[in-house]
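What follows is the content of protein.txt (compact mmCIF, C-alpha atoms).
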# COMPACT_ATOMS: atom_id res chain seq x y z
CA MET A 1 -12.31 -28.60 0.54
CA ILE A 2 -11.02 -27.73 -2.89
CA ASP A 3 -8.80 -29.95 -4.95
CA ARG A 4 -6.59 -28.99 -7.84
CA ARG A 5 -9.11 -30.02 -10.47
CA SER A 6 -11.87 -27.91 -8.92
CA PHE A 7 -9.53 -25.02 -8.52
CA MET A 8 -8.41 -25.08 -12.12
CA LYS A 9 -12.04 -25.06 -13.15
CA LEU A 10 -12.56 -21.90 -11.17
CA ALA A 11 -9.40 -20.39 -12.53
CA ALA A 12 -10.45 -21.11 -16.08
CA LEU A 13 -13.61 -19.14 -15.52
CA GLY A 14 -11.92 -16.17 -13.96
CA GLY A 15 -8.60 -15.71 -15.65
CA GLY A 16 -4.99 -16.69 -15.32
CA ALA A 17 -3.60 -18.49 -12.35
CA VAL A 18 -0.32 -17.44 -10.83
CA PHE A 19 1.92 -19.84 -9.02
CA ALA A 20 3.94 -18.60 -6.10
CA SER A 21 6.22 -21.12 -4.54
CA GLY A 22 7.27 -21.51 -1.00
CA LEU A 23 4.38 -21.64 1.42
CA ILE A 24 3.44 -25.07 2.52
CA GLY A 25 5.50 -27.69 4.21
CA ARG A 26 5.20 -27.20 7.90
CA ALA A 27 1.45 -27.46 7.57
CA GLN A 28 1.91 -31.14 6.94
CA ALA A 29 3.88 -31.61 10.10
CA ALA A 30 1.32 -29.69 12.10
CA ALA A 31 -1.58 -31.65 10.75
CA GLY A 32 -0.12 -35.03 11.59
CA LYS A 33 0.23 -38.21 9.62
CA ALA A 34 -3.48 -38.98 9.26
CA ALA A 35 -4.22 -35.48 8.06
CA ARG A 36 -1.33 -35.59 5.62
CA LEU A 37 -2.74 -38.69 4.04
CA SER A 38 -6.14 -37.06 3.59
CA GLY A 39 -4.80 -33.71 2.29
CA TYR A 40 -6.31 -31.96 5.27
CA SER A 41 -4.61 -28.61 4.92
CA ASP A 42 -5.61 -27.56 1.42
CA PHE A 43 -7.67 -24.41 1.43
CA TYR A 44 -8.15 -21.18 -0.43
CA PHE A 45 -9.00 -17.64 0.45
CA VAL A 46 -10.13 -14.57 -1.47
CA GLN A 47 -8.36 -11.21 -1.49
CA MET A 48 -10.45 -8.09 -2.02
CA SER A 49 -8.98 -4.60 -1.94
CA ASP A 50 -9.34 -0.88 -2.52
CA SER A 51 -13.08 -0.41 -2.95
CA HIS A 52 -12.88 3.28 -1.94
CA TRP A 53 -16.52 3.35 -0.89
CA GLY A 54 -17.65 6.97 -1.01
CA TYR A 55 -15.66 7.85 -4.13
CA THR A 56 -17.61 9.70 -6.78
CA GLY A 57 -16.13 10.75 -10.09
CA PRO A 58 -15.63 9.97 -13.73
CA ASP A 59 -13.07 7.25 -13.10
CA ASN A 60 -15.92 4.96 -12.09
CA PRO A 61 -19.47 6.07 -12.94
CA ASN A 62 -20.65 2.76 -11.45
CA ALA A 63 -19.07 3.42 -8.06
CA GLU A 64 -22.42 2.98 -6.33
CA ILE A 65 -22.73 -0.64 -7.45
CA THR A 66 -19.21 -1.91 -8.13
CA LEU A 67 -18.57 -3.29 -4.65
CA LYS A 68 -22.06 -4.73 -4.46
CA GLU A 69 -21.49 -6.57 -7.72
CA ALA A 70 -18.16 -7.89 -6.47
CA VAL A 71 -19.86 -9.20 -3.33
CA ALA A 72 -22.41 -11.01 -5.48
CA THR A 73 -19.65 -12.48 -7.62
CA VAL A 74 -17.78 -13.80 -4.58
CA ASN A 75 -21.03 -15.29 -3.29
CA ASN A 76 -21.48 -17.07 -6.61
CA LEU A 77 -18.12 -18.83 -6.49
CA GLU A 78 -18.84 -22.51 -6.83
CA ILE A 79 -16.78 -23.33 -3.78
CA GLN A 80 -16.73 -20.71 -1.07
CA PRO A 81 -13.33 -19.70 0.34
CA ASP A 82 -12.34 -20.44 3.91
CA PHE A 83 -12.07 -16.70 4.52
CA ILE A 84 -11.50 -13.33 2.88
CA ILE A 85 -8.69 -10.85 3.37
CA TYR A 86 -9.50 -7.23 2.61
CA THR A 87 -6.31 -5.27 2.09
CA GLY A 88 -7.32 -1.70 2.77
CA ASP A 89 -8.94 1.40 1.37
CA LEU A 90 -12.35 0.04 2.17
CA THR A 91 -13.51 3.65 1.94
CA HIS A 92 -12.45 6.81 0.15
CA THR A 93 -10.93 9.44 2.40
CA THR A 94 -12.83 12.37 3.80
CA ASP A 95 -11.82 15.16 6.16
CA ASP A 96 -15.09 14.82 8.07
CA PRO A 97 -14.83 12.30 10.95
CA VAL A 98 -18.61 11.82 10.92
CA GLU A 99 -18.64 11.12 7.20
CA ARG A 100 -15.66 8.75 7.59
CA ARG A 101 -17.60 6.68 10.10
CA GLN A 102 -20.69 6.79 7.92
CA ARG A 103 -18.74 5.43 4.95
CA LEU A 104 -17.23 2.64 7.04
CA ARG A 105 -20.69 1.66 8.29
CA GLU A 106 -22.11 1.74 4.77
CA PHE A 107 -19.22 -0.42 3.64
CA GLN A 108 -20.02 -2.89 6.42
CA GLU A 109 -23.61 -3.10 5.24
CA ILE A 110 -22.54 -3.74 1.65
CA VAL A 111 -20.23 -6.63 2.54
CA ARG A 112 -22.62 -8.05 5.14
CA PRO A 113 -24.33 -10.32 2.53
CA LEU A 114 -21.06 -12.15 1.89
CA LYS A 115 -21.64 -15.80 2.62
CA VAL A 116 -18.17 -16.06 4.09
CA ARG A 117 -18.32 -14.46 7.50
CA ASP A 118 -14.63 -14.86 8.35
CA ILE A 119 -13.22 -11.64 6.88
CA HIS A 120 -9.90 -10.15 7.93
CA PHE A 121 -9.75 -6.42 7.28
CA ILE A 122 -6.81 -4.07 7.37
CA PRO A 123 -6.95 -0.33 6.68
CA GLY A 124 -5.57 1.73 3.85
CA GLU A 125 -4.50 5.33 4.27
CA HIS A 126 -7.88 6.43 2.93
CA ASP A 127 -9.52 4.69 5.89
CA ALA A 128 -7.03 5.50 8.59
CA GLY A 129 -4.40 8.01 7.47
CA LEU A 130 -6.05 11.15 8.79
CA ASP A 131 -7.13 9.99 12.24
CA GLY A 132 -4.52 7.43 13.22
CA GLY A 133 -6.96 4.64 12.53
CA ALA A 134 -9.45 5.76 15.20
CA ALA A 135 -12.60 5.32 13.13
CA PHE A 136 -11.39 2.05 11.63
CA LYS A 137 -10.66 0.56 15.06
CA GLU A 138 -14.00 1.77 16.34
CA ILE A 139 -16.08 0.30 13.52
CA ILE A 140 -14.07 -2.41 11.76
CA GLY A 141 -11.52 -3.68 14.28
CA PRO A 142 -7.79 -3.81 15.02
CA THR A 143 -5.37 -2.59 12.38
CA HIS A 144 -2.67 -5.20 12.96
CA TYR A 145 -2.91 -8.75 14.26
CA SER A 146 -2.02 -12.33 13.43
CA PHE A 147 -3.90 -15.57 13.14
CA ASP A 148 -3.36 -19.16 12.09
CA HIS A 149 -5.27 -21.19 9.56
CA LYS A 150 -4.61 -24.81 8.73
CA GLY A 151 -0.91 -24.60 9.38
CA VAL A 152 -0.30 -21.19 7.78
CA HIS A 153 0.52 -18.19 9.97
CA PHE A 154 -1.05 -14.94 8.77
CA ILE A 155 0.28 -11.55 9.87
CA ALA A 156 -1.64 -8.33 9.18
CA ILE A 157 0.64 -5.29 9.15
CA ASP A 158 -0.72 -1.75 9.37
CA ASN A 159 1.44 0.59 7.29
CA VAL A 160 -1.04 3.45 6.96
CA SER A 161 -2.18 4.66 10.40
CA GLN A 162 1.07 6.11 11.63
CA PRO A 163 2.27 9.52 10.43
CA GLY A 164 4.00 9.23 7.09
CA SER A 165 2.38 5.85 6.43
CA THR A 166 5.01 4.01 8.39
CA ILE A 167 4.80 0.75 10.31
CA GLY A 168 6.44 2.35 13.31
CA ASP A 169 8.79 0.94 15.91
CA PRO A 170 6.11 -0.36 18.32
CA GLN A 171 4.46 -2.45 15.62
CA LEU A 172 7.85 -3.62 14.34
CA ALA A 173 8.62 -4.80 17.88
CA TRP A 174 5.29 -6.64 17.91
CA LEU A 175 6.13 -8.20 14.54
CA LYS A 176 9.51 -9.32 15.81
CA ALA A 177 7.91 -10.92 18.87
CA ASP A 178 5.23 -12.60 16.76
CA LEU A 179 7.83 -14.01 14.39
CA SER A 180 10.00 -15.24 17.25
CA ARG A 181 7.31 -17.80 18.02
CA GLN A 182 7.45 -19.24 14.49
CA ALA A 183 9.77 -21.89 13.09
CA LYS A 184 12.08 -20.64 10.36
CA ASP A 185 10.28 -22.80 7.78
CA GLN A 186 6.77 -21.89 8.97
CA PRO A 187 4.50 -20.92 6.05
CA ILE A 188 3.82 -17.23 6.64
CA VAL A 189 1.47 -14.93 4.77
CA VAL A 190 1.73 -11.20 5.36
CA ILE A 191 -1.21 -9.00 4.46
CA THR A 192 -0.73 -5.27 4.26
CA HIS A 193 -1.91 -2.28 2.27
CA ARG A 194 1.12 -0.56 0.81
CA PRO A 195 4.06 -2.35 -0.79
CA LEU A 196 6.70 -3.08 1.82
CA PHE A 197 9.40 -2.48 -0.80
CA ASP A 198 10.17 0.56 -2.94
CA LEU A 199 7.97 -0.10 -5.97
CA VAL A 200 7.64 3.50 -7.23
CA PRO A 201 8.56 5.89 -4.42
CA LYS A 202 7.81 8.98 -6.53
CA TRP A 203 4.19 7.78 -6.69
CA ASP A 204 4.20 7.04 -2.96
CA TRP A 205 4.17 3.33 -3.75
CA ALA A 206 6.42 2.33 -0.90
CA THR A 207 6.52 2.04 2.89
CA ARG A 208 9.09 4.30 4.49
CA ASP A 209 10.20 1.68 7.01
CA GLY A 210 9.09 -1.35 5.01
CA ASP A 211 12.70 -2.48 4.73
CA LYS A 212 12.70 -3.08 8.49
CA ALA A 213 9.73 -5.43 8.19
CA ILE A 214 11.35 -7.26 5.28
CA ALA A 215 14.55 -7.62 7.31
CA LEU A 216 12.56 -9.23 10.12
CA LEU A 217 10.84 -11.58 7.67
CA MET A 218 13.96 -12.48 5.70
CA PRO A 219 15.18 -15.29 8.02
CA TYR A 220 11.91 -17.13 7.40
CA THR A 221 12.03 -19.28 4.33
CA ASN A 222 8.32 -19.47 3.42
CA VAL A 223 6.98 -15.92 3.32
CA THR A 224 4.50 -14.41 0.87
CA VAL A 225 3.04 -10.90 1.00
CA PHE A 226 -0.36 -9.86 -0.34
CA TYR A 227 -1.08 -6.15 -0.55
CA GLY A 228 -3.25 -3.53 -2.28
CA HIS A 229 -2.76 0.23 -2.80
CA ILE A 230 -1.59 0.18 -6.42
CA HIS A 231 -4.94 -0.92 -7.93
CA GLN A 232 -3.51 -3.61 -10.19
CA GLU A 233 -1.92 -7.00 -10.17
CA ASN A 234 1.84 -6.91 -9.67
CA HIS A 235 4.37 -9.55 -8.64
CA HIS A 236 7.76 -8.79 -7.16
CA MET A 237 10.48 -10.63 -5.28
CA THR A 238 12.66 -9.26 -2.49
CA GLY A 239 15.11 -12.12 -2.13
CA HIS A 240 12.99 -15.22 -1.55
CA ILE A 241 9.92 -13.23 -0.40
CA ALA A 242 7.15 -12.88 -2.99
CA HIS A 243 4.93 -9.79 -3.01
CA HIS A 244 1.59 -9.85 -4.86
CA SER A 245 -0.62 -6.79 -5.22
CA ALA A 246 -4.33 -7.03 -5.93
CA LYS A 247 -6.62 -5.27 -8.33
CA SER A 248 -8.90 -2.55 -7.06
CA LEU A 249 -12.68 -2.47 -6.87
CA ILE A 250 -13.01 1.16 -7.92
CA PHE A 251 -10.57 2.23 -10.67
CA PRO A 252 -7.28 0.93 -12.07
CA LEU A 253 -4.02 2.86 -11.91
CA PRO A 254 -1.23 2.91 -14.52
CA ALA A 255 1.55 0.35 -14.55
CA PRO A 256 4.29 1.16 -12.07
CA GLY A 257 6.34 4.13 -13.27
CA SER A 258 4.87 3.93 -16.77
CA GLN A 259 3.93 7.60 -16.97
CA ASP A 260 4.65 10.88 -15.29
CA LYS A 261 1.54 11.03 -13.09
CA ARG A 262 -0.22 8.22 -11.26
CA GLU A 263 -3.63 9.29 -12.51
CA ALA A 264 -6.41 6.74 -12.67
CA LEU A 265 -6.90 5.03 -15.98
CA PRO A 266 -9.98 6.43 -17.70
CA TRP A 267 -13.26 4.55 -17.47
CA ASP A 268 -14.02 2.61 -20.63
CA PRO A 269 -17.80 2.57 -21.17
CA THR A 270 -17.43 -0.27 -23.66
CA MET A 271 -15.74 -2.42 -21.01
CA PRO A 272 -17.10 -1.54 -17.56
CA TYR A 273 -14.90 -2.73 -14.71
CA LYS A 274 -11.93 -3.25 -17.01
CA GLY A 275 -8.88 -3.70 -14.81
CA LEU A 276 -10.92 -4.24 -11.64
CA GLY A 277 -11.51 -7.43 -9.71
CA PHE A 278 -10.53 -9.66 -6.84
CA ARG A 279 -8.48 -12.80 -6.55
CA GLU A 280 -8.55 -16.17 -4.95
CA VAL A 281 -5.46 -17.76 -3.48
CA GLU A 282 -5.13 -21.47 -2.93
CA ALA A 283 -2.77 -22.93 -0.36
CA GLU A 284 -2.02 -26.51 -1.23
CA ASN A 285 -0.61 -28.92 1.28
CA LYS A 286 0.79 -31.14 -1.40
CA ALA A 287 2.94 -28.96 -3.57
CA SER A 288 4.48 -26.17 -1.50
CA GLU A 289 2.85 -23.42 -3.47
CA TYR A 290 0.10 -20.85 -3.58
CA LYS A 291 -1.98 -20.41 -6.67
CA ILE A 292 -3.64 -17.13 -7.49
CA ALA A 293 -6.60 -16.63 -9.81
CA GLU A 294 -7.78 -13.19 -10.84
CA TYR A 295 -11.48 -12.43 -11.11
CA PRO A 296 -13.37 -9.53 -12.74
CA VAL A 297 -15.99 -7.64 -10.77
CA VAL A 298 -18.76 -9.33 -12.73
CA ARG A 299 -18.49 -12.75 -14.32
CA ARG A 300 -20.51 -13.08 -17.48
CA MET B 1 14.87 16.98 12.94
CA ALA B 2 17.74 15.40 14.79
CA ARG B 3 21.23 16.39 13.72
CA ARG B 4 22.09 12.73 13.33
CA LYS B 5 19.40 12.36 10.70
CA ILE B 6 20.49 15.52 8.93
CA ILE B 7 23.98 14.14 8.50
CA ALA B 8 22.64 10.78 7.40
CA VAL B 9 20.56 12.40 4.68
CA GLY B 10 23.54 14.16 3.15
CA ALA B 11 25.81 11.14 3.41
CA GLY B 12 23.23 8.89 1.79
CA ILE B 13 22.95 11.15 -1.19
CA LEU B 14 26.68 11.31 -1.75
CA ALA B 15 27.16 7.60 -1.33
CA ALA B 16 24.23 6.55 -3.48
CA LEU B 17 24.29 8.88 -6.41
CA GLY B 18 26.88 11.57 -6.08
CA LEU B 19 24.51 14.04 -7.67
CA LEU B 20 24.70 16.65 -4.96
CA LEU B 21 27.62 18.26 -3.23
CA GLY B 22 25.65 18.07 -0.02
CA ALA B 23 22.20 18.43 1.40
CA ASN B 24 20.57 18.69 4.76
CA VAL B 25 17.33 19.59 6.39
CA ALA B 26 16.85 22.01 9.22
CA ALA B 27 14.06 23.61 11.18
CA ARG B 28 13.58 27.33 11.70
CA ASN B 29 16.63 29.38 12.74
CA SER B 30 18.97 26.44 13.18
CA THR B 31 20.74 26.87 9.88
CA PRO B 32 19.55 29.97 8.05
CA ALA B 33 20.52 30.53 4.49
CA ALA B 34 24.17 31.42 4.02
CA SER B 35 24.92 34.58 2.11
CA GLN B 36 25.98 32.74 -1.02
CA GLU B 37 22.94 30.49 -1.07
CA THR B 38 20.02 31.01 -3.41
CA VAL B 39 16.79 30.95 -1.42
CA VAL B 40 13.69 29.38 -2.95
CA LYS B 41 10.54 29.84 -0.90
CA VAL B 42 7.97 27.09 -1.28
CA VAL B 43 4.44 27.44 0.09
CA VAL B 44 2.82 24.13 0.90
CA GLN B 45 -0.87 23.47 1.35
CA ARG B 46 -3.32 20.77 0.50
CA PHE B 47 -2.76 19.63 -2.25
CA VAL B 48 -0.06 21.67 -3.95
CA PHE B 49 3.50 22.88 -3.67
CA THR B 50 3.91 26.45 -4.92
CA PRO B 51 5.93 26.63 -7.07
CA THR B 52 5.32 23.18 -8.44
CA GLU B 53 8.43 23.35 -10.61
CA ILE B 54 11.68 24.60 -9.12
CA VAL B 55 14.52 25.45 -11.49
CA LEU B 56 18.05 25.30 -10.06
CA ARG B 57 21.53 25.74 -11.53
CA THR B 58 24.31 23.20 -11.19
CA GLY B 59 26.88 24.22 -8.65
CA GLN B 60 24.67 26.86 -7.06
CA PRO B 61 24.26 26.38 -3.30
CA THR B 62 20.53 26.55 -2.66
CA VAL B 63 18.18 26.46 0.27
CA LEU B 64 14.55 25.48 -0.16
CA GLU B 65 12.47 27.22 2.50
CA PHE B 66 9.17 25.44 3.05
CA GLN B 67 6.19 26.97 4.79
CA SER B 68 3.25 24.66 5.28
CA LEU B 69 -0.07 26.35 5.89
CA ASP B 70 -2.33 23.53 6.96
CA PHE B 71 -0.82 20.09 7.64
CA THR B 72 2.42 18.27 8.34
CA HIS B 73 3.06 17.48 4.72
CA GLY B 74 6.11 15.56 3.62
CA PHE B 75 8.74 16.63 1.10
CA ASN B 76 10.49 13.74 -0.58
CA ILE B 77 12.85 13.54 -3.55
CA PRO B 78 13.11 9.75 -3.83
CA ASP B 79 15.88 9.72 -6.42
CA LEU B 80 18.09 11.79 -4.12
CA LYS B 81 16.96 10.23 -0.86
CA ILE B 82 16.07 13.62 0.57
CA ARG B 83 12.98 13.98 2.71
CA ALA B 84 11.62 16.22 5.42
CA ASP B 85 8.46 16.69 7.41
CA LEU B 86 6.90 20.12 6.96
CA PRO B 87 4.87 20.97 10.07
CA PRO B 88 2.72 24.10 9.83
CA GLY B 89 3.96 27.10 11.75
CA GLN B 90 7.61 26.40 11.03
CA ILE B 91 10.03 27.25 8.27
CA ILE B 92 11.79 24.08 7.17
CA ARG B 93 14.98 24.53 5.20
CA VAL B 94 16.55 21.99 2.87
CA HIS B 95 20.07 22.90 1.83
CA LEU B 96 21.45 21.42 -1.35
CA THR B 97 23.89 22.06 -4.16
CA PRO B 98 22.95 20.31 -7.37
CA LEU B 99 25.84 18.93 -9.35
CA LYS B 100 24.17 17.20 -12.24
CA PRO B 101 21.51 18.49 -14.66
CA GLY B 102 18.26 16.61 -14.73
CA VAL B 103 14.66 16.44 -13.58
CA TYR B 104 13.99 15.19 -10.07
CA ASP B 105 10.44 14.40 -8.98
CA PHE B 106 9.32 15.30 -5.50
CA LEU B 107 6.09 14.54 -3.68
CA CYS B 108 4.23 14.87 -0.43
CA ASP B 109 4.69 11.50 1.26
CA ASN B 110 2.52 12.13 4.32
CA PHE B 111 -1.05 11.19 3.42
CA CYS B 112 -2.96 14.45 3.60
CA GLY B 113 -6.39 13.82 2.10
CA ALA B 114 -8.32 13.34 -1.10
CA GLY B 115 -5.83 15.16 -3.31
CA HIS B 116 -2.71 13.64 -1.77
CA GLU B 117 -1.96 11.46 -4.77
CA GLN B 118 -1.67 14.54 -6.98
CA MET B 119 0.54 16.55 -4.62
CA ASN B 120 3.90 16.49 -6.33
CA GLY B 121 6.34 18.57 -8.36
CA LYS B 122 9.70 18.67 -10.06
CA ILE B 123 13.12 20.12 -9.45
CA ILE B 124 14.73 20.94 -12.79
CA VAL B 125 18.50 21.32 -12.64
CA LYS B 126 20.11 23.17 -15.53
CA ASN B 127 23.69 24.08 -16.39
So that I can check it, write out the structure of this file as structure tokens.
Amino acid sequence: MIDRRSFMKLAALGGGAVFASGLIGRAQAAAGKAARLSGYSDFYFVQMSDSHWGYTGPDNPNAEITLKEAVATVNNLEIQPDFIIYTGDLTHTTDDPVERRQRLREFQEIVRPLKVRDIHFIPGEHDAGLDGGAAFKEIIGPTHYSFDHKGVHFIAIDNVSQPGSTIGDPQLAWLKADLSRQAKDQPIVVITHRPLFDLVPKWDWATRDGDKAIALLMPYTNVTVFYGHIHQENHHMTGHIAHHSAKSLIFPLPAPGSQDKREALPWDPTMPYKGLGFREVEAENKASEYKIAEYPVVRR
Amino acid sequence: MARRKIIAVGAGILAALGLLLGANVAARNSTPAASQETVVKVVVQRFVFTPTEIVLRTGQPTVLEFQSLDFTHGFNIPDLKIRADLPPGQIIRVHLTPLKPGVYDFLCDNFCGAGHEQMNGKIIVKN
């Protein structure tokens, strides 16, 4: 269990905390009066994303060890999270189906030392875009699913496996059915890889049918989306729905639309891992909010 | 591509921006280039459009004829809400008449491999 004071201590070590309102509320009702009095439903989770295992190049000369260092840093958090979400691009793409599977298995071995064993993975297009998610499903698991944790409903949306990096009508129908079982004020967290909204379409920072998912989510009053893909922290609102992107664990990309090309920011040998990291997200039962703290790959 | 979608593409452009007189997308032989149209052939393969820069004149009816050699790439001009899938083995035609000078970015929006993020280009419209 983590309380606000402990959390702020962690946040102070790792960087700024971001407050995103609108998640908790129903958790109290679900937990019951006794649990409410004891603050039962407070918890936090970690988001990791975009490690691109298998990438080699000048944008990260430390690619062989970056993910391993991030794993060690997560393991050294004073209070371990309840679980981890991993929002895609576990591996860097390859045309070779054998190599793709090899990279996914190597990735599995690298994250195996994580103390937290409850890890929810979703694919990025680098993992699943060229084979419809076949290798990912074979080695990692399903590409879309939902689960509940301490009164919060989590929905993992796959927006990379289908042609054109769409969600697709069958999955949208599944999403609609899943949501139909939730109260309108249910705290809902969506995890996905690409932004569901048009962030920078000319950089392919969008989901072609993401507006359909947002339309399905819009009637629900407590929805927050965590995603990856753009290799940096970004915060955006579509109506009352907050969207938070995570940093990468391989190389940072330029600010949305800030330059002509979306080329990786050059590696700075004086500041290794600059712009990289992971985040922790705290769901508090008391204050109807999530708090986000950003972490570097290595904490010194 | 379904005719319904073709119409929707053109209507969306006119309603949203009014930059083009009209535009649509068609597969091989369904709507060949009209005699007054300028034809621009574009070869598409991982991870490049050739030519990468396409220069057009305002008011000139144009058809972009895409031939993909290796993959069902996507062609997308986000600012004009024009897109098409480009399956190999077919000629895909995009008809348009630019009305306003400017530079319009286009990209492949079907993930096609390690160089996908660099597969893009520009349409430059001049008076």
One residue among A:Tyr55, A:Phe43, A:Tyr227, A:Phe278 is nearest to chain B when using all atoms listed in the file, and that residue is A:Tyr55
As an mmCIF file with C-alpha atoms, in the frame of the given file, please: the residues near Thr192 in chain A (cut-off 9 Å, only C-alpha atoms, same-chain neighbours under 6 positions excluded).
data_model
loop_
_atom_site.group_PDB
_atom_site.id
_atom_site.type_symbol
_atom_site.label_atom_id
_atom_site.label_comp_id
_atom_site.auth_asym_id
_atom_site.auth_seq_id
_atom_site.Cartn_x
_atom_site.Cartn_y
_atom_site.Cartn_z
ATOM 1 C CA THR A 87 -6.310 -5.270 2.090
ATOM 2 C CA GLY A 88 -7.320 -1.700 2.770
ATOM 3 C CA ILE A 122 -6.810 -4.070 7.370
ATOM 4 C CA PRO A 123 -6.950 -0.330 6.680
ATOM 5 C CA GLY A 124 -5.570 1.730 3.850
ATOM 6 C CA HIS A 144 -2.670 -5.200 12.960
ATOM 7 C CA ILE A 155 0.280 -11.550 9.870
ATOM 8 C CA ALA A 156 -1.640 -8.330 9.180
ATOM 9 C CA ILE A 157 0.640 -5.290 9.150
ATOM 10 C CA ASP A 158 -0.720 -1.750 9.370
ATOM 11 C CA ASN A 159 1.440 0.590 7.290
ATOM 12 C CA VAL A 225 3.040 -10.900 1.000
ATOM 13 C CA PHE A 226 -0.360 -9.860 -0.340
ATOM 14 C CA TYR A 227 -1.080 -6.150 -0.550
ATOM 15 C CA GLY A 228 -3.250 -3.530 -2.280
#
Starting from chain A, keep only residues with some atom at most 7 Å from an atom of chain B, counting all atoms listed in the file, and report them as an NGL selection string. :A and (93-95 or 125 or 129-130 or 163-165 or 201-202 or 204)
Atom-to-atom span, CA of Asn75 in chain A and CA of Val297 in chain A, Å: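 Those two atoms sit 11.8 Å apart.
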Looking at A:Ile250, A:Ala242, A:Val189, A:Ala255, which one is nearest to Gly57 in chain A, with distances taken over all atoms listed in the file?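 Selected residue with least distance to Gly57 in chain A: A:Ile250.
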State, in Å with one decimal place, the distance from CA of Asp89 in chain A to CA of His193 in chain A.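 So the two atoms, CA of Asp89 in chain A and CA of His193 in chain A, lie 8.0 Å apart.
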Just the number, please: distance in Å from CA of Gln259 in chain A to CA of Val48 in chain B, one decimal.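 Spanning CA of Gln259 in chain A to CA of Val48 in chain B is a straight-line distance of 19.6 Å.
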Residues within 9 Å of Asp59 in chain A, please, as a VMD selection string. Count all atoms listed in the file; anything in the same chain fewer than 5 positions from it doesn't count. chain A and resid 250 to 252 264 to 268
Would you list the residues near (4.8, -13.6, 1.8), meaning any protein, DNA or RNA residue with an atom at most 12 Å from that point in file coordinates, counting all atoms listed in the file, as an NGL selection string? :A and (20-24 or 152-157 or 186-192 or 195-196 or 213-214 or 217-218 or 220-227 or 235-245 or 289-290)
As a ChimeraX atom specification, please: the residues near Asn62 in chain A (cut-off 9 Å, only C-alpha atoms, same-chain neighbours under 2 positions excluded). /A:56,59-60,64-66,250,272-273
